[in-house]
Amino acid sequence: MVLLYQFPEAGKKTYGGGFYFHLDREPDKEGKSHFQNGALLQNLCEYNYHSWEPGFAAIKLQSSIDDPWGELPIRTVIGGAYSSNDLMVHKLNLCEEIDADVLAPYLLTARYDRTAFMETGRR
């Protein structure tokens, strides 16, 4: 597991990165929200560790009305740890622009719940 985390320890600096989808939510003149600027981004990060403790993890995902996490299968847990660190993003790369209207349904509940759109579930 330590290989997975690049041998972290207090005082150590490591580098890594990842990918994420981005979109902006902006209102029009009538106050109705629209999504725009959909994109797949890659980040390059620096992690400065204050502490790091290896551990064990178990995961059980459950769904809610806004988050369908229970639909995702968990094949294996590859590691677990607790750390306190500073994260600095050195660079963002635009990998691909994506139509925000196509992307929004997949990301909507990751960022907003139904109450953000005045949907309370009550009638």
# chains A, B, ... in the order shown; residues from 1 in each chain; ligands from 1

call {"tool": "residues_around", "arguments": {"residues": "range 55-65 of chain A", "least_positions_apart": "6", "cutoff": "9 Å", "atoms": "only C-alpha atoms", "output": "PyMOL selection string"}}
result
chain A and resi 71-74+77-82+113-114

call {"tool": "select_by_dssp", "arguments": {"residues": "range 48-118 of chain A", "states": "strand (DSSP E)", "output": "PyMOL selection string"}}
result
chain A and resi 48-55+80-97

call {"tool": "closest_residue", "arguments": {"among": "A:Gly11, A:Phe21, A:Tyr106, A:Asp101", "to": "Ser33 in chain A", "atoms": "only C-alpha atoms"}}
result
A:Asp101

call {"tool": "closest_residue", "arguments": {"among": "A:Leu23, A:Val89, A:Leu107, A:Val102", "to": "Asn43 in chain A", "atoms": "only C-alpha atoms"}}
result
A:Val89

call {"tool": "select_by_dssp", "arguments": {"residues": "chain A", "states": "alpha helix (DSSP H)", "output": "ChimeraX atom specification"}}
result
/A:100-111

call {"tool": "closest_residue", "arguments": {"among": "A:Ser84, A:Leu103, A:Asp67, A:Phe7", "to": "Gly38 in chain A", "atoms": "only C-alpha atoms"}}
result
A:Leu103
